[in-house]
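**Q** Below you will find the structure I want to go over with you.
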Amino acid sequence: MAKPTDTPLRSEEEISARVKALESLLIEKGVMTTEAVDRMAEVYENEVGPHLGAKAVAKAWVNPEFKKRLLENATEAFQELGFRTGLQGEDMRVVEDTDKVHNTVVCTLCSCYPWAALGLPPNWYKQPAYRARMVREPRKVLAEDFKFTVPNDVEIRLWDSSSELRYWVLPQRPADTDGLTEEQLAALVTRDSMIGVGPTRTVAS
Ligand code: FE
């Protein structure tokens, strides 16, 4: 998938060398311990991530009362599931896709993102190309960069996340999923569908 790149991406080796150097320095200066670094990595690898947002979406698909609470107060509804919201998820708002409206999220200022629900933001989310072009021509960016076509009769609503309010999307429940369990439904929810730049999975795929 071609993602917007108007700033050069650093290679993975370059990034990991920088991270290692920073980590050594922080430990050497006594700012952090190895255990603390490992714990943070564990949190972001195993405990926080789009699988949590996906669980909330699946629950909303099967439980109208929960869906109502999720749309009214995403942070509280999220906590109700036992998920933490302290990691850039203190004030989240979930917006609902319908037959007539497709929601997409951007942070025009920097890269505000609901870490608690979606994990760490993808690289392209932080890049000026995505942030600027999405505002001007969202339909075109979705089609060209994300190969994701939103029909012309569906309105695209763009939500600008900030450090005060972080948006994510409740995508529409895929067709032909009547018999699926909540867990099976959650597996159909993609990170991109919760940012509004891609589809959910279909049962066959
Ligand atoms: Fe931001």
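To be explicit about the labels: the chains of the structure tokens are called A, B, and onward in the order shown, and within each one the residues are counted from 1, while ligands get numbers from 1 in the order they are shown.
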Identify, counting only C-alpha atoms and all ligand atoms, the protein, DNA and RNA residues located within 7 Å of ligand 1, and give them as a list in words.

**A** Cys107, Thr108, Leu109, Cys110, Ser111, Cys112, Tyr113, Ser161, Ser162 and Ser163 of chain A

**Q** Produce a file of the selected residues containing C-alpha atoms, as an mmCIF file, in the first residue's frame.

**A**
data_model
loop_
_atom_site.group_PDB
_atom_site.id
_atom_site.type_symbol
_atom_site.label_atom_id
_atom_site.label_comp_id
_atom_site.auth_asym_id
_atom_site.auth_seq_id
_atom_site.Cartn_x
_atom_site.Cartn_y
_atom_site.Cartn_z
ATOM 1 C CA CYS A 107 -4.404 15.361 13.399
ATOM 2 C CA THR A 108 -3.601 18.421 11.341
ATOM 3 C CA LEU A 109 -1.370 19.939 14.011
ATOM 4 C CA CYS A 110 0.825 16.978 14.919
ATOM 5 C CA SER A 111 -0.113 13.340 15.456
ATOM 6 C CA CYS A 112 -2.686 13.103 18.254
ATOM 7 C CA TYR A 113 -4.062 9.583 18.301
ATOM 8 C CA SER A 161 -7.835 15.034 16.702
ATOM 9 C CA SER A 162 -6.066 17.134 19.294
ATOM 10 C CA SER A 163 -4.458 16.520 22.645
#

**Q** So that I can see what lies close to range 65-76 of chain A, please list as JSON, numbers by chain the residues with an atom at most 9 Å from it, counting only C-alpha atoms and leaving out residues fewer than 3 positions away in the same chain.

**A** {"A": [56, 57, 59, 60, 61, 62, 79, 80, 81, 85, 89, 90, 91, 92, 93, 94, 95, 96, 170]}

**Q** Let me make sure I understand: among A:Gln127, A:Thr104, A:Ser193, A:Thr200, which one has the smallest atom-to-atom distance to Tyr167 in chain A if we use only C-alpha atoms?

**A**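 For Tyr167 in chain A, the nearest of the candidates is A:Thr104.
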
**Q** One decimal, in Å: what's the spacing between CA of Glu183 in chain A and CA of Asn103 in chain A?

**A**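 Here the two named atoms are 24.0 Å from each other.
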
**Q** Measuring atom to atom with only C-alpha atoms, identify which of A:Glu12, A:Asp153, A:Glu47, A:Asp97 is nearest to Trp115 in chain A.

**A**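 Going through A:Glu12, A:Asp153, A:Glu47, A:Asp97 one by one, the smallest distance to Trp115 in chain A is for A:Glu47.
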
**Q** Tell me, as a ChimeraX atom specification, which residues lie within 8 Å of Ala186 in chain A, counting only C-alpha atoms; anything in the same chain fewer than 3 positions away does not count.

**A** /A:51,54-55,57-58,182-183,189

**Q** Would you please work out which residue, of A:Val19, A:Ala175, A:Leu180, A:Val106, is nearest to Leu158 in chain A when using only C-alpha atoms?

**A**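 Answer, going by the shortest atom-to-atom distance: A:Val106.
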
**Q** Rank nothing, just name the residue among A:Asn63, A:Thr33, A:Gln184, A:Thr190 nearest to Pro171 in chain A, using only C-alpha atoms.

**A** A:Thr190

**Q** Pick out the residues sitting within 10 Å of Val37 in chain A, and hand them over as a ChimeraX atom specification; count only C-alpha atoms, and ignore anything fewer than 6 positions along from it in its own chain.

**A** /A:23,26-27,43

**Q** I need the alpha helix (DSSP H) residues of range 97-135 of chain A per DSSP on the backbone, written as a list of chain:residue names.

**A**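 Answer for range 97-135 of chain A restricted to alpha helix (DSSP H) is A:Trp115, A:Ala116, A:Ala117, A:Leu118, A:Pro128, A:Ala129, A:Tyr130, A:Arg131, A:Ala132, A:Arg133, A:Met134, A:Val135.
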
**Q** Between CA of Lys20 in chain A and CA of Leu52 in chain A, what is the distance in Å, rounded to a tenth?

**A**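 These two atoms are separated by 28.3 Å.
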
**Q** Using only C-alpha atoms, pick whichever of A:Leu118, A:Val203, A:Ala36, A:Pro64 has the shortest atom-to-atom distance to Thr177 in chain A.

**A**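 Nearest to Thr177 in chain A: A:Val203.
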
**Q** Would you please work out which residue, of A:Leu185, A:Val105, A:Glu14, A:Leu165, is nearest to Pro121 in chain A when using only C-alpha atoms?

**A** A:Val105

**Q** In Å, rounded to a single decimal, give me how far CA of Phe148 in chain A is from CA of Gly198 in chain A.

**A**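 Atom-to-atom, CA of Gly198 in chain A and CA of Phe148 in chain A are spaced 5.7 Å apart.
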
**Q** Please identify the strand (DSSP E or B) residues within range 69-130 of chain A (assignment by DSSP from backbone atoms) and present them as a list in words.

**A** Met92, Arg93, Val94, Val95, Glu96, Val101, His102, Asn103, Thr104, Val105 and Val106 of chain A

**Q** Output all heavy atoms of each residue in that selection to a file, as a PDB file, in the first residue's frame.

**A**
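After the write, result_24.pdb holds the following:
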ATOM      1  N   MET A  92     -11.562  10.479  24.599  1.00  0.00           N
ATOM      2  CA  MET A  92     -11.732   9.905  23.272  1.00  0.00           C
ATOM      3  C   MET A  92     -13.172  10.116  22.825  1.00  0.00           C
ATOM      4  O   MET A  92     -14.097  10.146  23.628  1.00  0.00           O
ATOM      5  CB  MET A  92     -11.434   8.408  23.309  1.00  0.00           C
ATOM      6  CG  MET A  92     -10.034   8.092  23.787  1.00  0.00           C
ATOM      7  SD  MET A  92      -9.574   6.353  23.516  1.00  0.00           S
ATOM      8  CE  MET A  92     -10.691   5.487  24.602  1.00  0.00           C
ATOM      9  N   ARG A  93     -13.333  10.270  21.525  1.00  0.00           N
ATOM     10  CA  ARG A  93     -14.679  10.328  20.984  1.00  0.00           C
ATOM     11  C   ARG A  93     -14.768   9.378  19.793  1.00  0.00           C
ATOM     12  O   ARG A  93     -13.902   9.391  18.912  1.00  0.00           O
ATOM     13  CB  ARG A  93     -15.022  11.755  20.554  1.00  0.00           C
ATOM     14  CG  ARG A  93     -16.437  11.816  20.043  1.00  0.00           C
ATOM     15  CD  ARG A  93     -17.006  13.200  19.909  1.00  0.00           C
ATOM     16  NE  ARG A  93     -18.217  13.078  19.105  1.00  0.00           N
ATOM     17  CZ  ARG A  93     -18.699  14.017  18.314  1.00  0.00           C
ATOM     18  NH1 ARG A  93     -18.092  15.188  18.244  1.00  0.00           N
ATOM     19  NH2 ARG A  93     -19.774  13.810  17.602  1.00  0.00           N
ATOM     20  N   VAL A  94     -15.810   8.563  19.793  1.00  0.00           N
ATOM     21  CA  VAL A  94     -16.009   7.616  18.699  1.00  0.00           C
ATOM     22  C   VAL A  94     -17.112   8.147  17.791  1.00  0.00           C
ATOM     23  O   VAL A  94     -18.165   8.580  18.272  1.00  0.00           O
ATOM     24  CB  VAL A  94     -16.371   6.219  19.249  1.00  0.00           C
ATOM     25  CG1 VAL A  94     -16.818   5.293  18.137  1.00  0.00           C
ATOM     26  CG2 VAL A  94     -15.169   5.619  19.982  1.00  0.00           C
ATOM     27  N   VAL A  95     -16.841   8.138  16.498  1.00  0.00           N
ATOM     28  CA  VAL A  95     -17.827   8.610  15.520  1.00  0.00           C
ATOM     29  C   VAL A  95     -18.261   7.435  14.648  1.00  0.00           C
ATOM     30  O   VAL A  95     -17.449   6.585  14.282  1.00  0.00           O
ATOM     31  CB  VAL A  95     -17.267   9.775  14.663  1.00  0.00           C
ATOM     32  CG1 VAL A  95     -17.236  11.056  15.481  1.00  0.00           C
ATOM     33  CG2 VAL A  95     -15.878   9.472  14.126  1.00  0.00           C
ATOM     34  N   GLU A  96     -19.547   7.413  14.320  1.00  0.00           N
ATOM     35  CA  GLU A  96     -20.137   6.223  13.695  1.00  0.00           C
ATOM     36  C   GLU A  96     -20.311   6.357  12.181  1.00  0.00           C
ATOM     37  O   GLU A  96     -20.901   7.321  11.693  1.00  0.00           O
ATOM     38  CB  GLU A  96     -21.518   5.969  14.338  1.00  0.00           C
ATOM     39  CG  GLU A  96     -22.170   4.703  13.839  1.00  0.00           C
ATOM     40  CD  GLU A  96     -23.612   4.552  14.330  1.00  0.00           C
ATOM     41  OE1 GLU A  96     -24.195   5.526  14.851  1.00  0.00           O
ATOM     42  OE2 GLU A  96     -24.156   3.439  14.180  1.00  0.00           O
ATOM     43  N   VAL A 101     -22.603   8.371   5.707  1.00  0.00           N
ATOM     44  CA  VAL A 101     -21.450   9.111   6.217  1.00  0.00           C
ATOM     45  C   VAL A 101     -20.268   8.193   6.489  1.00  0.00           C
ATOM     46  O   VAL A 101     -20.404   7.167   7.154  1.00  0.00           O
ATOM     47  CB  VAL A 101     -21.818   9.850   7.541  1.00  0.00           C
ATOM     48  CG1 VAL A 101     -20.584  10.536   8.133  1.00  0.00           C
ATOM     49  CG2 VAL A 101     -22.921  10.866   7.312  1.00  0.00           C
ATOM     50  N   HIS A 102     -19.115   8.587   5.939  1.00  0.00           N
ATOM     51  CA  HIS A 102     -17.880   7.886   6.264  1.00  0.00           C
ATOM     52  C   HIS A 102     -16.971   8.838   7.043  1.00  0.00           C
ATOM     53  O   HIS A 102     -16.737   9.963   6.616  1.00  0.00           O
ATOM     54  CB  HIS A 102     -17.164   7.415   4.994  1.00  0.00           C
ATOM     55  CG  HIS A 102     -15.828   6.825   5.297  1.00  0.00           C
ATOM     56  ND1 HIS A 102     -15.681   5.537   5.758  1.00  0.00           N
ATOM     57  CD2 HIS A 102     -14.586   7.372   5.293  1.00  0.00           C
ATOM     58  CE1 HIS A 102     -14.394   5.322   6.002  1.00  0.00           C
ATOM     59  NE2 HIS A 102     -13.710   6.415   5.721  1.00  0.00           N
ATOM     60  N   ASN A 103     -16.496   8.379   8.191  1.00  0.00           N
ATOM     61  CA  ASN A 103     -15.645   9.224   9.034  1.00  0.00           C
ATOM     62  C   ASN A 103     -14.173   8.875   8.864  1.00  0.00           C
ATOM     63  O   ASN A 103     -13.815   7.697   8.770  1.00  0.00           O
ATOM     64  CB  ASN A 103     -16.022   9.019  10.502  1.00  0.00           C
ATOM     65  CG  ASN A 103     -17.434   9.464  10.786  1.00  0.00           C
ATOM     66  OD1 ASN A 103     -17.709  10.650  10.882  1.00  0.00           O
ATOM     67  ND2 ASN A 103     -18.355   8.506  10.903  1.00  0.00           N
ATOM     68  N   THR A 104     -13.353   9.897   8.844  1.00  0.00           N
ATOM     69  CA  THR A 104     -11.903   9.702   8.775  1.00  0.00           C
ATOM     70  C   THR A 104     -11.248  10.636   9.790  1.00  0.00           C
ATOM     71  O   THR A 104     -11.730  11.735  10.039  1.00  0.00           O
ATOM     72  CB  THR A 104     -11.384  10.005   7.361  1.00  0.00           C
ATOM     73  OG1 THR A 104     -12.028   9.136   6.438  1.00  0.00           O
ATOM     74  CG2 THR A 104      -9.897   9.778   7.252  1.00  0.00           C
ATOM     75  N   VAL A 105     -10.135  10.170  10.362  1.00  0.00           N
ATOM     76  CA  VAL A 105      -9.488  10.930  11.429  1.00  0.00           C
ATOM     77  C   VAL A 105      -8.094  11.376  10.995  1.00  0.00           C
ATOM     78  O   VAL A 105      -7.363  10.651  10.333  1.00  0.00           O
ATOM     79  CB  VAL A 105      -9.375  10.081  12.713  1.00  0.00           C
ATOM     80  CG1 VAL A 105      -8.733  10.892  13.829  1.00  0.00           C
ATOM     81  CG2 VAL A 105     -10.747   9.565  13.132  1.00  0.00           C
ATOM     82  N   VAL A 106      -7.760  12.588  11.409  1.00  0.00           N
ATOM     83  CA  VAL A 106      -6.451  13.141  11.115  1.00  0.00           C
ATOM     84  C   VAL A 106      -6.059  13.993  12.318  1.00  0.00           C
ATOM     85  O   VAL A 106      -6.920  14.331  13.139  1.00  0.00           O
ATOM     86  CB  VAL A 106      -6.542  14.012   9.814  1.00  0.00           C
ATOM     87  CG1 VAL A 106      -7.356  15.267  10.026  1.00  0.00           C
ATOM     88  CG2 VAL A 106      -5.183  14.362   9.255  1.00  0.00           C
TER      89      VAL A 106
END
